[in-house]
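Data file: input-v7.txt. Format and content: compact mmCIF, C-alpha atoms.
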# COMPACT_ATOMS: atom_id res chain seq x y z
CA MET A 1 0.00 0.00 0.00
CA GLY A 2 1.52 3.31 -1.11
CA PRO A 3 1.37 6.82 0.36
CA SER A 4 -1.64 7.84 -1.75
CA VAL A 5 -3.73 5.01 -0.28
CA LEU A 6 -2.60 5.78 3.26
CA LEU A 7 -3.55 9.45 2.86
CA ARG A 8 -6.96 9.08 1.22
CA GLY A 9 -10.11 10.56 2.76
CA CYS A 10 -9.11 14.22 3.27
CA GLN A 11 -10.24 15.89 0.04
CA SER A 12 -11.98 19.01 1.40
CA GLU A 13 -13.22 20.85 4.49
CA THR A 14 -16.82 20.09 3.50
CA ASP A 15 -16.20 16.38 3.19
CA VAL A 16 -14.53 16.34 6.57
CA VAL A 17 -17.35 18.19 8.35
CA GLU A 18 -20.05 16.08 6.71
CA SER A 19 -18.39 12.79 7.54
CA GLY A 20 -17.28 13.82 11.00
CA GLU A 21 -13.69 12.87 10.19
CA LYS A 22 -11.78 16.03 10.97
CA ASP A 23 -9.43 14.13 13.27
CA HIS A 24 -8.84 11.63 10.51
CA CYS A 25 -7.86 14.46 8.16
CA GLU A 26 -5.42 15.84 10.74
CA ARG A 27 -3.89 12.41 11.10
CA GLY A 28 -3.60 12.27 7.33
CA SER A 29 -1.76 15.59 7.36
CA ALA A 30 0.63 14.27 10.01
CA MET A 31 1.17 11.13 7.95
CA GLN A 32 1.95 13.24 4.90
CA GLU A 33 4.55 15.20 6.90
CA LEU A 34 6.07 11.93 8.10
CA ILE A 35 6.25 10.48 4.60
CA SER A 36 7.92 13.67 3.38
CA ALA A 37 10.56 13.33 6.10
CA LEU A 38 11.14 9.66 5.25
CA THR A 39 11.55 10.35 1.53
CA ALA A 40 13.41 13.68 1.72
CA HIS A 41 16.70 11.99 0.73
CA GLU A 42 16.97 9.51 -2.09
CA GLU A 43 19.95 7.63 -0.62
CA GLU A 44 19.17 5.65 2.55
CA CYS A 45 22.89 5.23 3.31
CA SER A 46 23.70 8.94 3.31
CA ARG A 47 24.77 10.68 6.50
CA GLU A 48 22.30 13.47 5.72
CA PHE A 49 19.38 11.02 5.64
CA GLU A 50 20.33 9.59 9.04
CA ALA A 51 20.92 13.03 10.61
CA ASP A 52 17.71 14.62 9.27
CA LEU A 53 15.57 11.62 10.14
CA SER A 54 17.04 11.53 13.67
CA ALA A 55 16.22 15.22 14.09
CA PHE A 56 12.65 14.68 12.86
CA CYS A 57 12.11 11.73 15.22
CA THR A 58 13.46 13.74 18.15
CA ARG A 59 11.11 16.66 17.44
CA HIS A 60 8.00 14.53 16.96
CA MET A 61 8.68 11.57 19.24
CA ASP A 62 5.34 10.46 20.67
CA ALA A 63 2.92 7.54 20.62
CA GLN A 64 1.22 8.77 17.44
CA LEU A 65 4.51 8.85 15.52
CA VAL A 66 5.35 5.31 16.62
CA GLN A 67 1.89 4.13 15.59
CA GLN A 68 2.19 5.78 12.18
CA LEU A 69 5.63 4.30 11.61
CA ARG A 70 4.45 0.82 12.55
CA GLN A 71 1.56 1.24 10.11
CA LEU A 72 3.98 2.15 7.34
CA VAL A 73 6.23 -0.81 8.16
CA ALA A 74 3.23 -3.13 7.87
CA GLU A 75 1.41 -1.54 4.94
CA GLY A 76 3.79 0.71 3.02
CA GLU A 77 5.57 -0.19 -0.19
CA GLU A 78 9.01 -1.77 0.29
CA ASP A 79 11.22 1.33 0.27
CA LEU A 80 8.86 3.41 2.41
CA ALA A 81 8.30 0.53 4.84
CA TYR A 82 12.03 0.13 5.31
CA ARG A 83 12.53 3.85 5.95
CA ALA A 84 9.81 3.67 8.59
CA PHE A 85 11.63 0.68 10.09
CA TYR A 86 14.82 2.80 10.10
CA ALA A 87 13.01 5.61 11.98
CA LEU A 88 11.65 3.17 14.56
CA THR A 89 15.17 1.92 15.31
CA ILE A 90 16.18 5.52 15.99
CA ILE A 91 13.27 6.05 18.39
CA TYR A 92 13.77 2.79 20.29
CA ARG A 93 17.51 3.39 20.60
CA ASN A 94 16.91 6.90 21.94
CA ARG A 95 14.49 5.46 24.49
CA LYS A 96 16.86 2.56 25.24
CA ASP A 97 13.87 0.30 24.64
CA TYR A 98 15.91 -2.69 23.58
CA GLN A 99 13.06 -5.15 23.99
CA GLN A 100 11.00 -3.34 21.33
CA LEU A 101 14.10 -2.93 19.20
CA GLN A 102 14.91 -6.62 19.28
CA ALA A 103 11.30 -7.49 18.46
CA LEU A 104 11.40 -5.05 15.54
CA PHE A 105 14.41 -6.82 14.01
CA GLU A 106 12.96 -10.28 14.66
CA GLU A 107 9.62 -9.35 13.06
CA ASN A 108 11.16 -7.87 9.90
CA PRO A 109 13.87 -10.15 8.48
CA ARG A 110 12.66 -9.12 5.01
CA PHE A 111 14.66 -5.89 5.32
CA ALA A 112 18.02 -7.65 5.72
CA GLY A 113 18.94 -7.00 2.08
CA HIS A 114 18.85 -3.21 2.39
CA PRO A 115 22.32 -1.61 2.22
CA SER A 116 21.92 0.25 5.55
CA TYR A 117 20.43 -2.71 7.46
CA HIS A 118 23.72 -3.94 8.93
CA HIS A 119 24.53 -0.42 10.10
CA LEU A 120 21.31 -0.39 12.15
CA LEU A 121 21.89 -3.91 13.43
CA ILE A 122 25.42 -3.07 14.63
CA LEU A 123 24.19 0.05 16.41
CA PHE A 124 21.57 -2.02 18.25
CA GLN A 125 23.93 -4.85 19.21
CA LEU A 126 26.63 -2.45 20.36
CA GLU A 127 24.43 -0.09 22.38
CA ALA A 128 22.41 -2.87 24.01
CA GLU A 129 25.59 -4.93 24.60
CA THR A 130 23.92 -8.17 23.63
CA PHE A 131 25.71 -11.51 23.33
CA PHE A 132 27.04 -10.56 19.91
CA ASP A 133 29.96 -12.16 18.10
CA ALA A 134 32.46 -9.29 18.04
CA LEU A 135 34.44 -10.70 15.12
CA GLU A 136 31.29 -11.18 13.06
CA LEU A 137 30.13 -7.61 13.76
CA LEU A 138 33.58 -6.23 12.95
CA GLU A 139 33.46 -7.96 9.57
CA LEU A 140 30.05 -6.43 8.85
CA ALA A 141 31.27 -2.99 9.97
CA ARG A 142 34.43 -3.23 7.87
CA GLU A 143 32.44 -4.17 4.79
CA ASP A 144 30.03 -1.27 5.42
CA ALA A 145 33.00 1.11 5.76
CA ARG A 146 34.43 -0.15 2.45
CA GLN A 147 31.10 0.17 0.66
CA HIS A 148 30.33 3.65 2.04
CA ARG A 149 33.64 5.51 2.18
CA ASP A 150 31.82 8.81 1.76
CA ASN A 151 29.72 8.34 4.91
CA ALA A 152 31.58 9.44 8.04
CA GLY A 153 28.99 7.71 10.25
CA TYR A 154 29.70 4.25 8.80
CA LEU A 155 33.46 4.82 9.02
CA HIS A 156 33.22 5.98 12.61
CA LEU A 157 31.02 3.07 13.68
CA PHE A 158 33.65 0.63 12.43
CA ALA A 159 36.31 2.43 14.47
CA HIS A 160 34.08 2.69 17.54
CA LEU A 161 33.27 -1.04 17.47
CA PHE A 162 36.98 -1.81 17.16
CA VAL A 163 38.03 0.23 20.22
CA TYR A 164 35.05 -1.03 22.25
CA THR A 165 36.15 -4.61 21.58
CA CYS A 166 39.82 -3.92 22.32
CA GLU A 167 39.09 -2.04 25.55
CA LYS A 168 36.68 -4.66 26.88
CA SER A 169 38.53 -7.83 25.88
CA ARG A 170 41.84 -9.29 26.99
CA GLY A 171 44.53 -11.71 25.84
CA GLU A 172 44.31 -13.51 22.52
CA MET A 173 40.96 -12.02 21.57
CA ARG A 174 42.26 -8.45 21.84
CA GLU A 175 45.50 -9.27 20.01
CA GLN A 176 43.59 -10.97 17.20
CA VAL A 177 41.34 -7.93 16.77
CA ARG A 178 44.34 -5.58 16.75
CA ARG A 179 46.18 -7.69 14.18
CA GLU A 180 43.28 -8.14 11.81
CA TYR A 181 41.58 -4.74 11.92
CA TYR A 182 43.90 -1.98 13.13
CA ASP A 183 45.18 -0.72 9.76
CA ASP A 184 41.69 -0.59 8.22
CA VAL A 185 40.28 1.09 11.33
CA GLU A 186 42.93 3.82 11.40
CA ARG A 187 42.24 4.63 7.74
CA ALA A 188 38.51 4.66 8.40
CA VAL A 189 38.65 7.10 11.32
CA GLU A 190 41.04 9.38 9.42
CA ASP A 191 38.61 9.40 6.49
CA ALA A 192 35.74 10.22 8.87
CA ILE A 193 37.67 13.23 10.19
CA ARG A 194 38.48 14.34 6.64
CA LEU A 195 34.79 14.17 5.71
CA ASP A 196 33.58 15.99 8.84
CA PRO A 197 36.46 17.77 10.62
CA ALA A 198 34.04 19.73 12.85
CA TYR A 199 32.61 16.61 14.51
CA ALA A 200 34.55 16.47 17.78
CA LYS A 201 33.74 12.86 18.70
CA PHE A 202 35.79 11.56 15.78
CA TYR A 203 39.00 12.92 17.37
CA CYS A 204 38.19 11.13 20.62
CA THR A 205 37.63 7.86 18.78
CA LYS A 206 40.90 8.26 16.89
CA ALA A 207 42.63 8.80 20.26
CA ARG A 208 41.27 5.46 21.45
CA VAL A 209 42.38 3.83 18.18
CA VAL A 210 46.01 5.01 18.23
CA ALA A 211 46.25 4.09 21.93
CA GLN A 212 45.88 0.45 20.82
CA ARG A 213 49.29 0.85 19.17
CA GLY A 214 50.83 2.51 22.23
CA ARG A 215 50.86 6.02 20.68
CA TYR A 216 49.79 7.61 23.94
CA GLY A 217 51.18 11.11 23.40
CA GLU A 218 49.22 11.40 20.17
CA ALA A 219 46.14 10.01 21.90
CA TYR A 220 46.16 12.67 24.62
CA SER A 221 46.59 15.41 22.00
CA LEU A 222 43.57 14.08 20.13
CA ILE A 223 41.47 14.11 23.30
CA ASN A 224 42.34 17.77 23.79
CA LYS A 225 41.46 18.37 20.12
CA ALA A 226 38.03 16.82 20.72
CA VAL A 227 37.44 19.07 23.75
CA ALA A 228 38.50 22.18 21.82
CA THR A 229 36.37 21.28 18.77
CA GLU A 230 33.16 20.44 20.62
CA SER A 231 30.45 23.06 20.24
CA SER A 232 29.39 24.72 23.49
CA ALA A 233 25.98 25.33 21.89
CA ARG A 234 25.09 21.63 22.17
CA LYS A 235 22.54 20.80 24.86
CA ASP A 236 24.71 17.86 25.93
CA TYR A 237 27.96 19.86 25.84
CA ALA A 238 28.89 19.10 29.46
CA LEU A 239 28.16 15.38 29.01
CA ARG A 240 30.29 15.29 25.86
CA LEU A 241 33.25 16.80 27.70
CA LEU A 242 32.83 14.32 30.55
CA ASP A 243 32.81 11.50 27.99
CA TYR A 244 36.05 12.74 26.42
CA ARG A 245 37.76 12.98 29.81
CA HIS A 246 36.49 9.52 30.68
CA CYS A 247 38.09 8.18 27.49
CA GLU A 248 41.29 9.96 28.48
CA THR A 249 41.23 8.16 31.84
CA VAL A 250 40.69 4.79 30.14
CA ILE A 251 43.70 5.44 27.90
CA LEU A 252 45.81 6.51 30.89
CA LEU A 253 44.92 3.32 32.79
CA GLN A 254 45.79 1.25 29.72
CA GLU A 255 49.17 2.98 29.44
CA GLN A 256 49.92 2.40 33.13
CA ARG A 257 48.83 -1.23 33.00
CA GLU A 258 51.06 -1.96 30.00
CA TYR A 259 53.97 -0.13 31.65
CA PHE A 260 53.74 -2.16 34.86
CA GLN A 261 53.29 -5.41 32.95
CA GLY A 262 56.46 -4.60 31.02
CA GLU A 263 58.34 -3.80 34.21
CA MET A 264 57.17 -7.05 35.82
CA GLU A 265 58.33 -9.00 32.79
CA LYS A 266 61.76 -7.31 32.96
CA LEU A 267 61.97 -8.17 36.66
CA ARG A 268 60.97 -11.77 36.01
CA ARG A 269 63.71 -12.16 33.38
CA SER A 270 66.32 -10.61 35.65
CA VAL A 271 65.36 -12.84 38.60
CA PRO A 272 64.90 -16.38 37.22
CA SER A 273 63.57 -17.69 40.54
CA LEU A 274 60.67 -15.22 40.57
CA PRO A 275 57.37 -17.06 39.98
CA LYS A 276 55.67 -16.35 36.69
CA LEU A 277 52.42 -14.44 36.60
CA LYS A 278 49.47 -16.79 36.93
CA THR A 279 48.25 -17.95 33.52
CA PHE A 280 45.82 -20.53 32.26
CA VAL A 281 47.32 -24.03 32.00
CA PRO A 282 45.47 -26.50 29.73
CA GLY A 283 44.66 -29.95 31.05
CA ARG A 284 44.35 -29.16 34.76
CA GLY A 285 40.64 -29.90 34.86
CA PRO A 286 38.78 -33.21 34.62
CA LYS A 287 38.72 -34.88 31.23
CA ALA A 288 36.00 -33.47 29.01
CA TYR A 289 33.37 -35.93 27.79
CA GLU A 290 34.13 -37.46 24.39
CA GLY A 291 31.42 -39.83 23.28
CA ALA A 292 28.13 -40.30 21.45
CA GLU A 293 25.80 -39.75 24.43
CA PRO A 294 24.04 -36.40 25.03
CA TYR A 295 26.26 -33.86 26.79
CA CYS A 296 26.19 -30.30 28.06
CA PHE A 297 28.51 -27.64 26.61
CA VAL A 298 30.37 -25.54 29.19
CA SER A 299 31.06 -21.89 28.35
CA TYR A 300 33.51 -20.09 30.64
CA ALA A 301 36.46 -17.69 30.72
CA HIS A 302 39.80 -19.45 31.10
CA ILE A 303 40.85 -16.95 33.73
CA ASN A 304 38.05 -18.40 35.92
CA SER A 305 39.31 -21.98 35.56
CA ASP A 306 40.23 -22.31 39.27
CA ARG A 307 36.58 -21.70 40.18
CA VAL A 308 35.03 -23.54 37.24
CA TYR A 309 37.02 -26.80 37.30
CA PRO A 310 35.97 -27.90 40.82
CA ILE A 311 32.30 -27.34 39.91
CA VAL A 312 32.73 -29.21 36.62
CA GLU A 313 34.40 -32.12 38.41
CA GLN A 314 31.64 -32.38 41.01
CA LEU A 315 28.95 -32.25 38.33
CA MET A 316 30.69 -35.06 36.43
CA GLN A 317 30.80 -37.12 39.64
CA ARG A 318 27.02 -36.69 39.82
CA GLY A 319 26.62 -38.19 36.36
CA ILE A 320 26.44 -35.04 34.21
CA ARG A 321 28.30 -35.40 30.91
CA LEU A 322 30.13 -32.15 30.19
CA TRP A 323 32.29 -30.98 27.33
CA TYR A 324 34.46 -27.90 27.70
CA ASP A 325 37.48 -26.35 26.03
CA ASP A 326 40.48 -26.93 28.27
CA GLY A 327 42.97 -25.04 26.14
CA ILE A 328 42.48 -25.64 22.42
CA GLU A 329 44.61 -23.26 20.37
CA ALA A 330 42.47 -20.49 18.89
CA GLY A 331 42.09 -20.19 15.13
CA SER A 332 39.64 -20.74 12.29
CA ASP A 333 39.50 -24.51 12.92
CA PHE A 334 38.96 -23.79 16.62
CA ARG A 335 35.87 -21.68 15.91
CA GLU A 336 34.38 -24.36 13.68
CA PHE A 337 35.14 -27.07 16.25
CA ILE A 338 33.52 -25.07 19.06
CA ALA A 339 30.47 -24.35 16.88
CA GLU A 340 30.08 -28.06 16.18
CA LYS A 341 30.28 -28.89 19.89
CA ILE A 342 27.58 -26.30 20.68
CA ARG A 343 25.31 -27.60 17.89
CA ASP A 344 25.59 -31.20 19.11
CA SER A 345 25.02 -30.43 22.82
CA TRP A 346 21.65 -30.68 24.55
CA GLN A 347 22.23 -27.55 26.65
CA VAL A 348 24.80 -24.86 27.43
CA LEU A 349 26.11 -24.23 30.95
CA LEU A 350 27.32 -20.63 31.16
CA PHE A 351 29.64 -19.64 34.01
CA ALA A 352 28.97 -15.92 34.21
CA SER A 353 31.56 -13.60 35.75
CA HIS A 354 32.88 -10.08 35.31
CA GLU A 355 35.49 -11.56 32.95
CA SER A 356 33.33 -13.91 30.89
CA ILE A 357 30.71 -11.32 29.85
CA GLN A 358 33.32 -9.06 28.23
CA PRO A 359 33.67 -9.24 24.42
CA GLY A 360 35.45 -12.48 23.61
CA PHE A 361 34.97 -16.16 23.00
CA VAL A 362 32.33 -16.69 25.73
CA ARG A 363 30.07 -14.01 24.24
CA ASN A 364 30.56 -15.57 20.82
CA GLU A 365 29.62 -19.01 22.17
CA ILE A 366 26.45 -17.73 23.83
CA ASN A 367 25.49 -15.78 20.72
CA TYR A 368 25.80 -18.96 18.65
CA ALA A 369 23.97 -21.07 21.25
CA LEU A 370 21.05 -18.63 21.17
CA HIS A 371 21.10 -18.78 17.36
CA CYS A 372 20.87 -22.59 17.58
CA GLY A 373 18.01 -22.39 20.07
CA LYS A 374 19.94 -24.11 22.85
CA PRO A 375 18.63 -23.72 26.41
CA ILE A 376 21.17 -21.94 28.62
CA LEU A 377 21.64 -22.36 32.36
CA ARG A 378 23.61 -19.48 33.85
CA VAL A 379 25.79 -20.03 36.91
CA ASN A 380 26.92 -16.76 38.49
CA LEU A 381 30.46 -17.00 39.83
CA ASP A 382 30.37 -13.49 41.31
CA ASP A 383 28.00 -10.54 41.62
CA VAL A 384 28.08 -9.99 37.87
CA GLU A 385 25.45 -7.69 36.38
CA LEU A 386 24.40 -8.45 32.83
CA THR A 387 23.84 -5.61 30.39
CA PRO A 388 20.21 -4.92 29.35
CA GLY A 389 20.94 -6.56 26.01
CA MET A 390 22.27 -9.72 27.65
CA GLU A 391 19.29 -9.89 30.01
CA LEU A 392 17.04 -9.51 26.99
CA SER A 393 18.85 -12.27 25.08
CA LEU A 394 18.64 -14.74 27.95
CA GLY A 395 15.04 -13.79 28.65
CA GLY A 396 13.46 -15.93 31.35
CA MET A 397 16.17 -18.58 31.30
CA GLN A 398 17.11 -19.99 34.70
CA TYR A 399 20.22 -19.15 36.67
CA VAL A 400 21.96 -20.42 39.78
CA ASP A 401 24.03 -18.33 42.19
CA ALA A 402 27.29 -20.14 42.96
CA THR A 403 28.32 -17.45 45.46
CA GLU A 404 25.91 -18.79 48.08
CA PRO A 405 27.56 -20.49 51.06
CA GLY A 406 27.47 -24.27 51.06
CA GLY A 407 27.10 -26.61 48.09
CA ASP A 408 23.34 -26.48 47.60
CA TYR A 409 23.76 -24.73 44.27
CA LEU A 410 25.37 -27.90 42.85
CA GLU A 411 22.20 -29.88 43.43
CA ARG A 412 20.14 -27.16 41.76
CA ILE A 413 22.45 -27.24 38.72
CA VAL A 414 22.12 -31.03 38.50
CA ARG A 415 18.31 -30.96 38.83
CA THR A 416 17.97 -28.23 36.21
CA LEU A 417 20.27 -29.93 33.70
CA LEU A 418 18.65 -33.34 34.13
CA ALA A 419 15.16 -31.85 33.85
CA GLU A 420 16.08 -30.14 30.59
CA ARG A 421 17.62 -33.34 29.26
CA LYS A 422 14.49 -35.31 30.18
CA GLU A 423 12.35 -32.72 28.41
CA LYS A 424 14.52 -33.03 25.28
CA ALA A 425 14.36 -36.85 25.30

Rewritten as structure tokens:
Amino acid sequence: MGPSVLLRGCQSETDVVESGEKDHCERGSAMQELISALTAHEEECSREFEADLSAFCTRHMDAQLVQQLRQLVAEGEEDLAYRAFYALTIIYRNRKDYQQLQALFEENPRFAGHPSYHHLLILFQLEAETFFDALELLELAREDARQHRDNAGYLHLFAHLFVYTCEKSRGEMREQVRREYYDDVERAVEDAIRLDPAYAKFYCTKARVVAQRGRYGEAYSLINKAVATESSARKDYALRLLDYRHCETVILLQEQREYFQGEMEKLRRSVPSLPKLKTFVPGRGPKAYEGAEPYCFVSYAHINSDRVYPIVEQLMQRGIRLWYDDGIEAGSDFREFIAEKIRDSWQVLLFASHESIQPGFVRNEINYALHCGKPILRVNLDDVELTPGMELSLGGMQYVDATEPGGDYLERIVRTLLAERKEKA
């Protein structure tokens, strides 16, 4: 159904009075204004389209606008329906209504072929901090940046996703991201600045990027550039400055951490008898199940192995078959192997901690398990708080608190896993 059909019924003042549909005519006028805003720019991937549509949604954000947009998504012709979908993602993100946003994506897979669709999906996944696969999103963002080199927003999102992943992850995951994406990211953020040198946030993001290569002096200069460039006329001016100084603090902490790690390594080499820093050692836990019977896949952060292994061992003694990665070398074959193990399991046992919910292999595993429709039992190892996006992804799935005194939580884990297995049988 096109715009002309959606707007019919408002031919004249006389018709309106006689039919008693003045309100309907006013709604038609509002719909016409909305359609004009949605179609003001021909190119859906242009920065101007995104900026103007965001401004329109901010000015008119109310229940009527949402209702009209949902009507267009359901009844409008393909291009108009997608633009209405685009506007709804803006509104729900501004409201931080991630439940509605997730439902919107799930209800409209038909839009996945639009060139700006991945841009919207990445923004949702990143802001809601769902159980997304960081490497998969980075690939999508890099491809978007390559396809839309004249859109500073797409270029910046690629850079922002990169620094978010590097700052939140540790070890091999962070090094892999740095190796595979740094050069493309630095070019992307430089191109974003070239396209829009007055947009202060780009300088802050570049500061976070170059800090990943240890160029701290340059990073601090870029933070100051962001502060100096930011417009004091913005309503959120003070918040912007606080955000830039927060980023500066994060970079400073990273510099100090790397300095002390380097000094500790020098000290360790100069004093051979000094114990090495504690690291993960494969093979210390009980032997993972390898057989044809149904098993449960264990998802955990290696740094938590001292807390996870005793629980795994006690569960195995109670007859629960568990498979877990006890130190497989990461790589492309590793990812395929892990995916196969998740697909073939009857359930996933997630050991949630401050470390495991950061971007990395555990998030990737849970993202894939959700994609496969696997039930997930969460075991909290500490007072971890999931992001709204993670809570939304796990929905009403059960969890057990392993921080409680005593071993009662073990029995609850066993009962829950066996009940799920019985249900699956």

Inset, instruction - Within 10 Å of region 75-90 of chain A, counting only C-alpha atoms, which residues show up once you throw out same-chain ones fewer than 3 positions away? Write them as an NGL selection string, please. - result: :A and (1-3 or 5-6 or 34-35 or 37-39 or 44 or 49-50 or 53-58 or 65-72 or 93-98 or 100-102 or 104-105 or 108 or 110-112 or 114 or 116-117 or 120-121 or 123-124)

Residue subset to file, keeping C-alpha atoms, as a short mmCIF file (atom, residue, chain, number, x, y, z; two decimals), keeping the file's coordinate frame:
data_model
loop_
_atom_site.label_atom_id
_atom_site.label_comp_id
_atom_site.auth_asym_id
_atom_site.auth_seq_id
_atom_site.Cartn_x
_atom_site.Cartn_y
_atom_site.Cartn_z
CA MET A 1 0.00 0.00 0.00
CA GLY A 2 1.52 3.31 -1.11
CA PRO A 3 1.37 6.82 0.36
CA VAL A 5 -3.73 5.01 -0.28
CA LEU A 6 -2.60 5.78 3.26
CA LEU A 34 6.07 11.93 8.10
CA ILE A 35 6.25 10.48 4.60
CA ALA A 37 10.56 13.33 6.10
CA LEU A 38 11.14 9.66 5.25
CA THR A 39 11.55 10.35 1.53
CA GLU A 44 19.17 5.65 2.55
CA PHE A 49 19.38 11.02 5.64
CA GLU A 50 20.33 9.59 9.04
CA LEU A 53 15.57 11.62 10.14
CA SER A 54 17.04 11.53 13.67
CA ALA A 55 16.22 15.22 14.09
CA PHE A 56 12.65 14.68 12.86
CA CYS A 57 12.11 11.73 15.22
CA THR A 58 13.46 13.74 18.15
CA LEU A 65 4.51 8.85 15.52
CA VAL A 66 5.35 5.31 16.62
CA GLN A 67 1.89 4.13 15.59
CA GLN A 68 2.19 5.78 12.18
CA LEU A 69 5.63 4.30 11.61
CA ARG A 70 4.45 0.82 12.55
CA GLN A 71 1.56 1.24 10.11
CA LEU A 72 3.98 2.15 7.34
CA ARG A 93 17.51 3.39 20.60
CA ASN A 94 16.91 6.90 21.94
CA ARG A 95 14.49 5.46 24.49
CA LYS A 96 16.86 2.56 25.24
CA ASP A 97 13.87 0.30 24.64
CA TYR A 98 15.91 -2.69 23.58
CA GLN A 100 11.00 -3.34 21.33
CA LEU A 101 14.10 -2.93 19.20
CA GLN A 102 14.91 -6.62 19.28
CA LEU A 104 11.40 -5.05 15.54
CA PHE A 105 14.41 -6.82 14.01
CA ASN A 108 11.16 -7.87 9.90
CA ARG A 110 12.66 -9.12 5.01
CA PHE A 111 14.66 -5.89 5.32
CA ALA A 112 18.02 -7.65 5.72
CA HIS A 114 18.85 -3.21 2.39
CA SER A 116 21.92 0.25 5.55
CA TYR A 117 20.43 -2.71 7.46
CA LEU A 120 21.31 -0.39 12.15
CA LEU A 121 21.89 -3.91 13.43
CA LEU A 123 24.19 0.05 16.41
CA PHE A 124 21.57 -2.02 18.25
#

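Rounded to one decimal, CA of Tyr300 (chain A) and CA of Val163 (chain A) lie 23.3 Å from each other.
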
Inset, instruction - Within 12 Å of Asp383 (chain A), counting only C-alpha atoms, which residues show up once you throw out same-chain ones fewer than 2 positions away? Write them as a ChimeraX atom specification, please. - result: /A:351-355,379-381,385-386,400-404

Inset, instruction - Counting all atoms listed in the file, figure out which residue out of A:Arg170, A:Met397, A:Pro359, A:Met31 gets nearest to Leu138 (chain A). - result: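 For Leu138 (chain A), the nearest of the given residues is A:Pro359.
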
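Closest approach to His60 (chain A) from the set A:Ala30, A:Ala292, A:Val73, A:Leu418 is made by A:Ala30, with distances taken over all atoms listed in the file.
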
Inset, instruction - Would you list the contacts of Lys206 (chain A) as a PyMOL selection string, taking every protein, DNA or RNA residue within 10 Å and counting only C-alpha atoms, but skipping same-chain residues closer than 5 positions in sequence? - result: chain A and resi 156+159-160+163+185-190+192-193+201+211+218-219+222-223+226

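The shortest atom-to-atom distance to Pro388 (chain A), with all atoms listed in the file taken into account, belongs to A:Phe131 out of A:Tyr244, A:Trp346, A:Tyr92, A:Phe131.
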
Inset, instruction - Using all atoms listed in the file, find the one residue out of A:Thr229, A:Gln398, A:Ser169, A:Gln358 that sits nearest to Arg412 (chain A). - result: A:Gln398

Inset, instruction - Counting only C-alpha atoms, write as a PyMOL selection string all protein and nucleic acid residues lying at most 10 Å from (31.1, -9.7, 15.0) in the file's frame. - result: chain A and resi 122+125+132-141+161+165+359+364

Complete region 140-152 of chain A with N, CA and C atoms (output as a compact mmCIF listing (two decimals), keeping the file's coordinate frame).
# COMPACT_ATOMS: atom_id res chain seq x y z
N LEU A 140 31.16 -7.17 9.45
CA LEU A 140 30.05 -6.43 8.85
C LEU A 140 30.38 -4.94 8.81
N ALA A 141 30.95 -4.42 9.90
CA ALA A 141 31.27 -2.99 9.97
C ALA A 141 32.37 -2.63 8.98
N ARG A 142 33.35 -3.50 8.83
CA ARG A 142 34.43 -3.23 7.87
C ARG A 142 33.89 -3.21 6.44
N GLU A 143 33.01 -4.14 6.13
CA GLU A 143 32.44 -4.17 4.79
C GLU A 143 31.58 -2.92 4.54
N ASP A 144 30.81 -2.51 5.55
CA ASP A 144 30.03 -1.27 5.42
C ASP A 144 30.95 -0.08 5.17
N ALA A 145 32.06 -0.01 5.91
CA ALA A 145 33.00 1.11 5.76
C ALA A 145 33.61 1.12 4.35
N ARG A 146 33.88 -0.06 3.81
CA ARG A 146 34.43 -0.15 2.45
C ARG A 146 33.41 0.27 1.41
N GLN A 147 32.15 -0.12 1.63
CA GLN A 147 31.10 0.17 0.66
C GLN A 147 30.66 1.63 0.70
N HIS A 148 30.84 2.29 1.85
CA HIS A 148 30.33 3.65 2.04
C HIS A 148 31.44 4.57 2.55
N ARG A 149 32.48 4.72 1.76
CA ARG A 149 33.64 5.51 2.18
C ARG A 149 33.33 7.00 2.25
N ASP A 150 32.18 7.40 1.71
CA ASP A 150 31.82 8.81 1.76
C ASP A 150 30.86 9.12 2.91
N ASN A 151 30.61 8.14 3.77
CA ASN A 151 29.72 8.34 4.91
C ASN A 151 30.54 8.26 6.20
N ALA A 152 30.75 9.40 6.83
CA ALA A 152 31.58 9.44 8.04
C ALA A 152 30.97 8.61 9.17
